[in-house]
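Just data-v9.cif here, mmCIF, C-alpha atoms and all ligand atoms:
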```
data_data
#
loop_
_atom_site.label_atom_id
_atom_site.label_comp_id
_atom_site.auth_asym_id
_atom_site.auth_seq_id
_atom_site.Cartn_x
_atom_site.Cartn_y
_atom_site.Cartn_z
CA MET A 1 -47.65 5.21 3.83
CA THR A 2 -44.21 4.65 5.29
CA MET A 3 -41.20 5.84 3.33
CA ARG A 4 -38.83 2.94 2.99
CA LYS A 5 -35.13 3.69 2.61
CA PRO A 6 -33.76 2.16 -0.61
CA MET A 7 -30.95 -0.38 -0.48
CA ILE A 8 -28.42 -1.48 -3.06
CA ALA A 9 -26.50 -4.56 -1.99
CA GLY A 10 -23.66 -5.85 -4.13
CA ASN A 11 -23.24 -9.60 -3.77
CA TRP A 12 -19.73 -10.33 -4.98
CA LYS A 13 -20.24 -14.10 -4.59
CA MET A 14 -16.89 -15.93 -4.91
CA PHE A 15 -15.13 -13.09 -6.72
CA LYS A 16 -12.32 -10.73 -5.75
CA THR A 17 -9.04 -11.21 -3.92
CA ARG A 18 -8.23 -9.05 -0.92
CA ASP A 19 -6.37 -6.54 -3.09
CA GLU A 20 -9.31 -6.27 -5.49
CA ALA A 21 -11.77 -5.90 -2.64
CA LEU A 22 -9.75 -3.08 -1.10
CA GLN A 23 -9.33 -1.30 -4.43
CA PHE A 24 -13.10 -1.41 -4.81
CA ILE A 25 -13.88 -0.04 -1.37
CA TYR A 26 -11.40 2.82 -1.77
CA ALA A 27 -12.97 3.64 -5.13
CA VAL A 28 -16.54 3.85 -3.82
CA ASN A 29 -16.16 5.12 -0.23
CA MET A 30 -16.32 8.81 -1.08
CA GLU A 31 -18.87 8.41 -3.87
CA VAL A 32 -21.63 6.72 -1.93
CA PRO A 33 -24.60 8.93 -0.90
CA LYS A 34 -25.29 9.44 2.78
CA ARG A 35 -26.71 6.51 4.65
CA GLU A 36 -29.68 8.54 5.87
CA PHE A 37 -30.92 8.33 2.28
CA ILE A 38 -29.81 4.93 1.01
CA ASP A 39 -28.21 1.80 2.44
CA THR A 40 -25.22 0.74 0.36
CA VAL A 41 -24.06 -2.75 1.25
CA ILE A 42 -21.24 -4.99 0.04
CA CYS A 43 -21.51 -8.75 0.54
CA ALA A 44 -18.04 -10.30 0.40
CA GLN A 45 -16.24 -13.58 1.05
CA ALA A 46 -15.62 -14.22 4.75
CA PRO A 47 -11.81 -13.84 4.88
CA VAL A 48 -11.94 -10.27 3.61
CA LEU A 49 -14.84 -9.02 5.76
CA ARG A 50 -12.69 -7.63 8.57
CA ASP A 51 -10.46 -5.76 6.11
CA LEU A 52 -13.53 -4.21 4.50
CA VAL A 53 -15.10 -3.25 7.84
CA LYS A 54 -11.89 -1.45 8.83
CA ARG A 55 -11.83 0.54 5.62
CA GLN A 56 -15.53 1.07 4.97
CA GLY A 57 -16.47 4.69 4.44
CA GLU A 58 -19.14 5.97 6.82
CA ASN A 59 -21.88 5.36 4.26
CA VAL A 60 -20.95 1.80 3.28
CA ARG A 61 -22.03 -1.32 5.14
CA ILE A 62 -20.53 -4.80 5.00
CA ALA A 63 -22.39 -8.12 4.78
CA ALA A 64 -21.48 -11.78 4.98
CA GLN A 65 -22.82 -14.05 2.24
CA THR A 66 -23.87 -16.76 4.68
CA MET A 67 -23.81 -17.57 8.38
CA HIS A 68 -24.27 -20.73 10.44
CA GLU A 69 -27.36 -21.24 12.61
CA GLU A 70 -25.52 -22.62 15.64
CA THR A 71 -23.63 -20.45 18.11
CA GLU A 72 -20.43 -22.48 17.99
CA GLY A 73 -19.33 -26.05 17.54
CA ALA A 74 -17.74 -28.65 15.32
CA PHE A 75 -18.87 -27.20 11.98
CA THR A 76 -15.68 -27.08 9.96
CA GLY A 77 -15.57 -24.28 7.44
CA GLU A 78 -18.61 -22.41 8.74
CA VAL A 79 -18.83 -18.84 10.06
CA SER A 80 -20.69 -17.90 13.24
CA ALA A 81 -22.94 -14.91 13.87
CA ALA A 82 -20.90 -14.21 17.03
CA LEU A 83 -17.74 -13.76 14.98
CA LEU A 84 -19.49 -11.63 12.36
CA GLU A 85 -20.86 -9.32 15.05
CA ASN A 86 -17.48 -9.26 16.78
CA ILE A 87 -15.66 -8.03 13.66
CA GLY A 88 -18.27 -5.37 12.87
CA VAL A 89 -20.25 -7.00 10.07
CA GLU A 90 -23.81 -5.66 10.09
CA TYR A 91 -25.71 -7.78 7.56
CA ALA A 92 -25.77 -11.39 6.39
CA VAL A 93 -27.32 -12.81 3.24
CA ILE A 94 -29.37 -15.84 4.24
CA GLY A 95 -30.89 -18.49 1.98
CA HIS A 96 -29.39 -17.30 -1.30
CA SER A 97 -30.55 -19.66 -4.06
CA GLU A 98 -26.94 -20.75 -4.65
CA ARG A 99 -26.66 -21.71 -0.96
CA ARG A 100 -30.02 -23.49 -1.16
CA GLN A 101 -28.95 -25.34 -4.30
CA TYR A 102 -25.33 -26.27 -3.57
CA PHE A 103 -25.07 -26.19 0.22
CA ASN A 104 -28.33 -27.68 1.39
CA GLU A 105 -29.71 -24.51 2.92
CA THR A 106 -33.30 -25.60 3.50
CA ASP A 107 -36.26 -23.41 4.47
CA ASP A 108 -36.00 -24.68 8.06
CA LYS A 109 -32.32 -23.80 8.25
CA VAL A 110 -33.07 -20.38 6.82
CA ASN A 111 -35.53 -19.85 9.67
CA LEU A 112 -32.97 -20.94 12.29
CA LYS A 113 -30.38 -18.64 10.74
CA LEU A 114 -32.75 -15.66 10.92
CA HIS A 115 -33.32 -16.27 14.63
CA GLN A 116 -29.58 -16.64 15.17
CA ALA A 117 -28.81 -13.42 13.26
CA PHE A 118 -31.14 -11.47 15.56
CA ARG A 119 -29.45 -12.91 18.65
CA TYR A 120 -26.26 -11.24 17.41
CA ASP A 121 -27.43 -7.96 16.01
CA ILE A 122 -26.88 -9.01 12.41
CA THR A 123 -29.54 -7.80 9.97
CA PRO A 124 -30.58 -10.62 7.64
CA ILE A 125 -31.07 -10.18 3.91
CA VAL A 126 -33.17 -13.25 3.28
CA CYS A 127 -33.48 -14.51 -0.28
CA VAL A 128 -36.46 -16.23 -1.86
CA GLY A 129 -37.30 -17.05 -5.46
CA GLU A 130 -38.70 -19.65 -7.81
CA THR A 131 -37.28 -21.72 -10.66
CA LEU A 132 -38.43 -21.29 -14.24
CA GLU A 133 -40.41 -24.54 -13.99
CA THR A 134 -42.29 -23.25 -10.97
CA ARG A 135 -43.08 -19.96 -12.72
CA GLU A 136 -44.25 -21.70 -15.88
CA ALA A 137 -46.50 -23.96 -13.81
CA ASN A 138 -48.07 -20.79 -12.30
CA LYS A 139 -46.92 -21.82 -8.83
CA THR A 140 -44.74 -18.80 -8.04
CA GLU A 141 -47.11 -17.39 -5.47
CA THR A 142 -47.46 -20.60 -3.46
CA PHE A 143 -43.77 -21.45 -3.72
CA VAL A 144 -42.39 -18.04 -2.78
CA GLY A 145 -45.17 -17.56 -0.22
CA ASP A 146 -44.17 -20.80 1.54
CA GLN A 147 -40.50 -19.77 1.53
CA VAL A 148 -41.42 -16.48 3.19
CA LYS A 149 -43.78 -18.07 5.74
CA ILE A 150 -41.22 -20.63 6.87
CA ALA A 151 -38.36 -18.11 6.91
CA LEU A 152 -40.28 -15.74 9.21
CA GLN A 153 -41.75 -18.35 11.56
CA GLY A 154 -41.48 -17.31 15.19
CA LEU A 155 -40.07 -13.83 14.51
CA GLY A 156 -41.60 -10.82 16.21
CA LYS A 157 -42.88 -7.89 14.20
CA ASP A 158 -40.03 -5.59 15.24
CA GLN A 159 -37.62 -8.16 13.85
CA VAL A 160 -39.58 -8.54 10.62
CA GLN A 161 -39.77 -4.77 10.17
CA SER A 162 -36.00 -4.51 10.40
CA LEU A 163 -35.02 -7.32 8.07
CA VAL A 164 -34.66 -7.25 4.31
CA ILE A 165 -36.16 -9.74 1.85
CA ALA A 166 -34.60 -10.18 -1.58
CA TYR A 167 -36.84 -11.66 -4.24
CA GLU A 168 -34.50 -13.35 -6.69
CA PRO A 169 -36.18 -15.53 -9.32
CA ILE A 170 -33.62 -18.26 -10.01
CA TRP A 171 -34.19 -18.10 -13.75
CA ALA A 172 -33.05 -14.46 -13.76
CA ILE A 173 -29.78 -14.94 -11.82
CA GLY A 174 -26.66 -14.64 -13.92
CA THR A 175 -28.64 -15.43 -17.05
CA GLY A 176 -29.06 -11.95 -18.46
CA LYS A 177 -32.83 -12.56 -18.26
CA THR A 178 -34.36 -10.01 -15.94
CA ALA A 179 -37.86 -10.35 -14.69
CA THR A 180 -39.73 -7.40 -16.17
CA SER A 181 -40.21 -4.60 -13.67
CA GLU A 182 -43.91 -5.45 -13.59
CA GLN A 183 -43.24 -9.16 -12.89
CA ALA A 184 -40.81 -8.28 -10.12
CA ASN A 185 -43.20 -5.74 -8.62
CA GLU A 186 -46.10 -8.17 -8.75
CA THR A 187 -44.30 -10.90 -6.82
CA ILE A 188 -42.85 -8.39 -4.37
CA LYS A 189 -46.32 -6.97 -3.76
CA MET A 190 -47.54 -10.52 -3.12
CA ILE A 191 -44.78 -10.93 -0.51
CA ARG A 192 -45.72 -7.61 1.09
CA ASP A 193 -49.40 -8.60 1.21
CA LEU A 194 -48.42 -11.89 2.81
CA VAL A 195 -46.41 -10.06 5.48
CA LYS A 196 -49.50 -7.97 6.13
CA THR A 197 -51.58 -11.12 6.61
CA LEU A 198 -48.97 -12.70 8.86
CA TYR A 199 -48.27 -9.51 10.87
CA ASP A 200 -49.95 -6.16 10.22
CA THR A 201 -49.96 -3.13 7.93
CA THR A 202 -47.19 -1.31 9.80
CA THR A 203 -44.92 -4.31 9.37
CA SER A 204 -45.74 -4.83 5.71
CA GLU A 205 -45.13 -1.16 4.95
CA ALA A 206 -41.86 -1.08 6.86
CA ILE A 207 -40.19 -4.22 5.51
CA ARG A 208 -37.82 -3.64 2.64
CA ILE A 209 -38.05 -6.00 -0.30
CA LEU A 210 -35.35 -5.97 -2.97
CA TYR A 211 -35.30 -7.47 -6.43
CA GLY A 212 -32.31 -9.51 -7.63
CA GLY A 213 -31.47 -11.21 -10.92
CA SER A 214 -29.53 -9.59 -13.76
CA VAL A 215 -29.92 -6.07 -12.38
CA LYS A 216 -27.79 -3.73 -14.50
CA PRO A 217 -27.32 0.01 -15.05
CA GLU A 218 -29.73 -0.34 -18.00
CA ASN A 219 -32.68 -1.70 -16.02
CA ILE A 220 -32.28 -0.25 -12.52
CA GLU A 221 -34.34 2.86 -13.17
CA SER A 222 -37.40 1.03 -14.38
CA LEU A 223 -37.16 -1.43 -11.47
CA MET A 224 -36.86 1.39 -8.93
CA LYS A 225 -39.92 3.14 -10.35
CA GLU A 226 -42.13 0.27 -9.21
CA PRO A 227 -43.91 1.05 -5.95
CA HIS A 228 -43.06 -2.17 -4.11
CA ILE A 229 -39.40 -2.57 -5.14
CA ASP A 230 -37.14 -1.00 -2.52
CA GLY A 231 -33.79 -1.70 -4.11
CA ALA A 232 -31.66 -4.46 -5.55
CA LEU A 233 -29.37 -7.34 -4.65
CA VAL A 234 -26.86 -7.35 -7.46
CA GLY A 235 -24.32 -9.95 -8.55
CA GLY A 236 -22.37 -9.37 -11.77
CA ALA A 237 -23.03 -5.65 -12.07
CA SER A 238 -21.71 -5.01 -8.54
CA LEU A 239 -18.18 -6.11 -9.37
CA SER A 240 -16.96 -2.91 -10.97
CA PRO A 241 -17.07 0.30 -8.91
CA LYS A 242 -18.39 2.19 -11.92
CA SER A 243 -21.43 0.03 -12.58
CA PHE A 244 -22.07 -0.42 -8.85
CA MET A 245 -22.09 3.36 -8.36
CA THR A 246 -24.45 3.80 -11.32
CA LEU A 247 -26.90 1.48 -9.56
CA VAL A 248 -26.50 3.23 -6.20
CA ASP A 249 -27.00 6.66 -7.78
CA ALA A 250 -30.06 5.53 -9.71
CA ALA A 251 -31.67 4.09 -6.58
CA TYR A 252 -30.80 7.21 -4.58
CA LYS A 253 -32.29 9.58 -7.14
CA GLN A 254 -35.49 7.62 -7.54
P1 LIG B 1 -26.76 -11.38 -11.00
O1 LIG B 1 -27.01 -9.93 -10.72
O2 LIG B 1 -25.35 -11.67 -11.45
O3 LIG B 1 -27.81 -11.98 -11.88
O4 LIG B 1 -26.88 -12.15 -9.57
C1 LIG B 1 -28.00 -11.93 -8.80
C2 LIG B 1 -27.75 -12.50 -7.45
O5 LIG B 1 -27.76 -13.70 -7.26
C3 LIG B 1 -27.48 -11.57 -6.35
O6 LIG B 1 -27.48 -12.22 -5.13
#
```

The structure given in the file should be rewritten as C-alpha cells.
Ligand code: 13P
Amino acid sequence: MTMRKPMIAGNWKMFKTRDEALQFIYAVNMEVPKREFIDTVICAQAPVLRDLVKRQGENVRIAAQTMHEETEGAFTGEVSAALLENIGVEYAVIGHSERRQYFNETDDKVNLKLHQAFRYDITPIVCVGETLETREANKTETFVGDQVKIALQGLGKDQVQSLVIAYEPIWAIGTGKTATSEQANETIKMIRDLVKTLYDTTTSEAIRILYGGSVKPENIESLMKEPHIDGALVGGASLSPKSFMTLVDAAYKQ
C-alpha cells in the first residue's frame, strides 16, 4: 500500500485584497509543517498570485483557481497556463463546481484544461461532485464516475498519479452541511476504484483524492481518519490563518 502525502488546499475564492493575502502568507509561512510530510496549498485570485509566489515560505505552494485550455489567443479576461508557469504557480484548480455552474466549465473543457496544465508543468486539482438532487436519486456514483472518466480521458498513468482530485458534493459547499466522513470516504473510494479500472492499482493507490465542502476545524480529524481521504479543499475555513493552520496541523498529525 502506497503512503499518500496529505494535502490541505485553501481555496480563497473571490476573497482577500492584496494586503490581506500578504498578511495571511506572512502569518502561516513559518507555521506550516515541512513539505516532505504535507502539501499546503493556497488557491488565490489571479492578480495576487505573483505576490504570493514571491513571498511563499518554502513549505507553502500557490495555486490558481482556474486556467484556460488554450495556449494563447483572444480570450479576454482569461489566464493561460504559460503565464501561471512563468510566474511560479505550481497548481491550478480545474472544474470547481462554481466554475462549472457560473462559467460554463463543461466536462470536455475540464479534460482539455487537464491536458493543457500538464503541457506547462502545472499540477491540476480537479474537482468533481454531485448536486443534492443527484444524491437523493441515488445517482452519485454514475454522475461523479462520468465526471472523472471524462476529466481523465487521454491522460497517461504518470500524469494521473501526479494529479489531485477533489470530491466536493455541491450540497455541502458553503452550506454548513458536511458529508459525513463515511459518505465522503465511500464516494472517494468509488473514485479510487474507478481509477484502478481505468488504469491500474499503482495509479489508484498513488492518486490523491481530497474531500471538500464545509470542512472545518471541528470535522477535519474525523475526515482524515478515513482511509481513502487524503486531505481537504477548504473554502470558508481557509480564510483565517488560525483556522487554516488548525486544519493543516490536524492533517499532518493524522
Ligand atoms: P467551503 O469549505 O466554504 O464549503 O467551500 C468548499 C469549496 O468549494 C472549496 O473549493

I'd like a table as a Markdown table: residues in chain A with an atom no more than 7 Å from ligand LIG 1 (chain B), each row giving the shortest atom pair and its distance in Å to one decimal, all atoms listed in the file counted, sorted by chain and rising residue number.
```
| residue | atom | partner | partner_atom | distance |
| --- | --- | --- | --- | --- |
| A:Asn11 | CA | B:LIG1 | O6 | 5.2 |
| A:His96 | CA | B:LIG1 | O6 | 6.6 |
| A:Glu168 | CA | B:LIG1 | O5 | 6.8 |
| A:Ala172 | CA | B:LIG1 | O3 | 6.1 |
| A:Ile173 | CA | B:LIG1 | O3 | 3.6 |
| A:Gly174 | CA | B:LIG1 | O3 | 3.5 |
| A:Thr175 | CA | B:LIG1 | O3 | 6.3 |
| A:Gly176 | CA | B:LIG1 | O3 | 6.7 |
| A:Gly212 | CA | B:LIG1 | C1 | 5.1 |
| A:Gly213 | CA | B:LIG1 | O3 | 3.9 |
| A:Ser214 | CA | B:LIG1 | O3 | 3.5 |
| A:Val215 | CA | B:LIG1 | O1 | 5.1 |
| A:Leu233 | CA | B:LIG1 | C3 | 4.9 |
| A:Val234 | CA | B:LIG1 | O1 | 4.2 |
| A:Gly235 | CA | B:LIG1 | O1 | 3.5 |
| A:Gly236 | CA | B:LIG1 | O2 | 3.8 |
| A:Ala237 | CA | B:LIG1 | O1 | 6.0 |
```

Option closest in space to Val60 (chain A), from A:Thr140, A:Thr76, A:Asn29, A:Gln45 [counting all atoms listed in the file] = A:Asn29

Could you give me, as a PyMOL selection string, the residues within 6 Å of region 163-167 of chain A, counting only C-alpha atoms and dropping anything in the same chain fewer than 5 positions from it?
-> chain A and resi 123-129+208-211

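Going from CA of Leu223 (chain A) to CA of Ile150 (chain A) covers 26.9 Å.
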
When you draw a straight line from CA of Leu22 (chain A) to CA of Ser243 (chain A), how long is it in Å?
-> 16.7 Å

Choose the residue, out of A:Glu69, A:Glu78, A:Glu205, A:Glu130, that has the smallest atom-to-atom separation from Phe143 (chain A); count all atoms listed in the file.
-> A:Glu130

Nearest-residue call for Tyr252 (chain A), choices A:Glu90, A:Glu20, A:Glu36, A:Glu226, using all atoms listed in the file | A:Glu36

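Here the selection is built from all atoms listed in the file, and the residues within 12 Å of (-41.4, -14.0, 14.2) turn out to be Asn111, Leu112, Leu114, His115, Phe118, Val148, Lys149, Ile150, Ala151, Leu152, Gln153, Gly154, Leu155, Gly156, Lys157, Asp158, Gln159, Val160, Gln161, Ser162, Leu163, Val195, Leu198, Tyr199 and Thr203 of chain A.
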
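Residue nearest Arg192 (chain A) within the list A:Glu72, A:Asp107, A:Glu141, A:Glu218: A:Glu141 [criterion: smallest interatomic distance, all atoms listed in the file].
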
Considering all atoms listed in the file, state which residue in the set A:Lys189, A:His228, A:Lys177, A:Lys242 is at the smallest distance from Val144 (chain A).
-> A:Lys189

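Reported to one decimal place, the separation of CA of Lys109 (chain A) from CA of Ile94 (chain A) is 9.4 Å.
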
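Using only C-alpha atoms for every distance, the candidate list A:Ala137, A:Leu83, A:Leu239, A:Ile25 yields A:Ile25 as the residue closest to Asp51 (chain A).
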
Could you name the residues that touch Ile122 (chain A) at 10 Å or less, counting all atoms listed in the file, but leaving out those on the same chain fewer than 4 positions away, as an MDAnalysis selection string?
-> chainID A and resid 63:64 67 81:82 84:85 88:93 114:118 163

Please work out which residues fall within 8 Å of (-39.3, -18.6, -13.8), coordinates as given in the file, with only C-alpha atoms counting, and return them as a ChimeraX atom specification.
-> /A:130-136,140,169-172

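Near Pro33 (chain A), within 10 Å and counting all atoms listed in the file, sit Val28, Asn29, Met30, Glu36, Phe37, Ile38, Asp39, Thr40, Glu58, Asn59, Val60, Met245, Val248, Asp249, Tyr252 and Lys253 of chain A; same-chain residues fewer than 3 positions away were not included.
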
Dump as a compact mmCIF listing (two decimals), in the coordinates of the input, selection limited to C-alpha atoms:
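See again-v4.txt below for the written result:
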```txt
# COMPACT_ATOMS: atom_id res chain seq x y z
CA VAL A 28 -16.54 3.85 -3.82
CA ASN A 29 -16.16 5.12 -0.23
CA MET A 30 -16.32 8.81 -1.08
CA GLU A 36 -29.68 8.54 5.87
CA PHE A 37 -30.92 8.33 2.28
CA ILE A 38 -29.81 4.93 1.01
CA ASP A 39 -28.21 1.80 2.44
CA THR A 40 -25.22 0.74 0.36
CA GLU A 58 -19.14 5.97 6.82
CA ASN A 59 -21.88 5.36 4.26
CA VAL A 60 -20.95 1.80 3.28
CA MET A 245 -22.09 3.36 -8.36
CA VAL A 248 -26.50 3.23 -6.20
CA ASP A 249 -27.00 6.66 -7.78
CA TYR A 252 -30.80 7.21 -4.58
CA LYS A 253 -32.29 9.58 -7.14
```

Residues at most 8 Å from Leu52 (chain A), counting only C-alpha atoms, excluding those fewer than 3 positions away in the same chain, as a PyMOL selection string?
-> chain A and resi 21-22+25+48-49+55-56+62
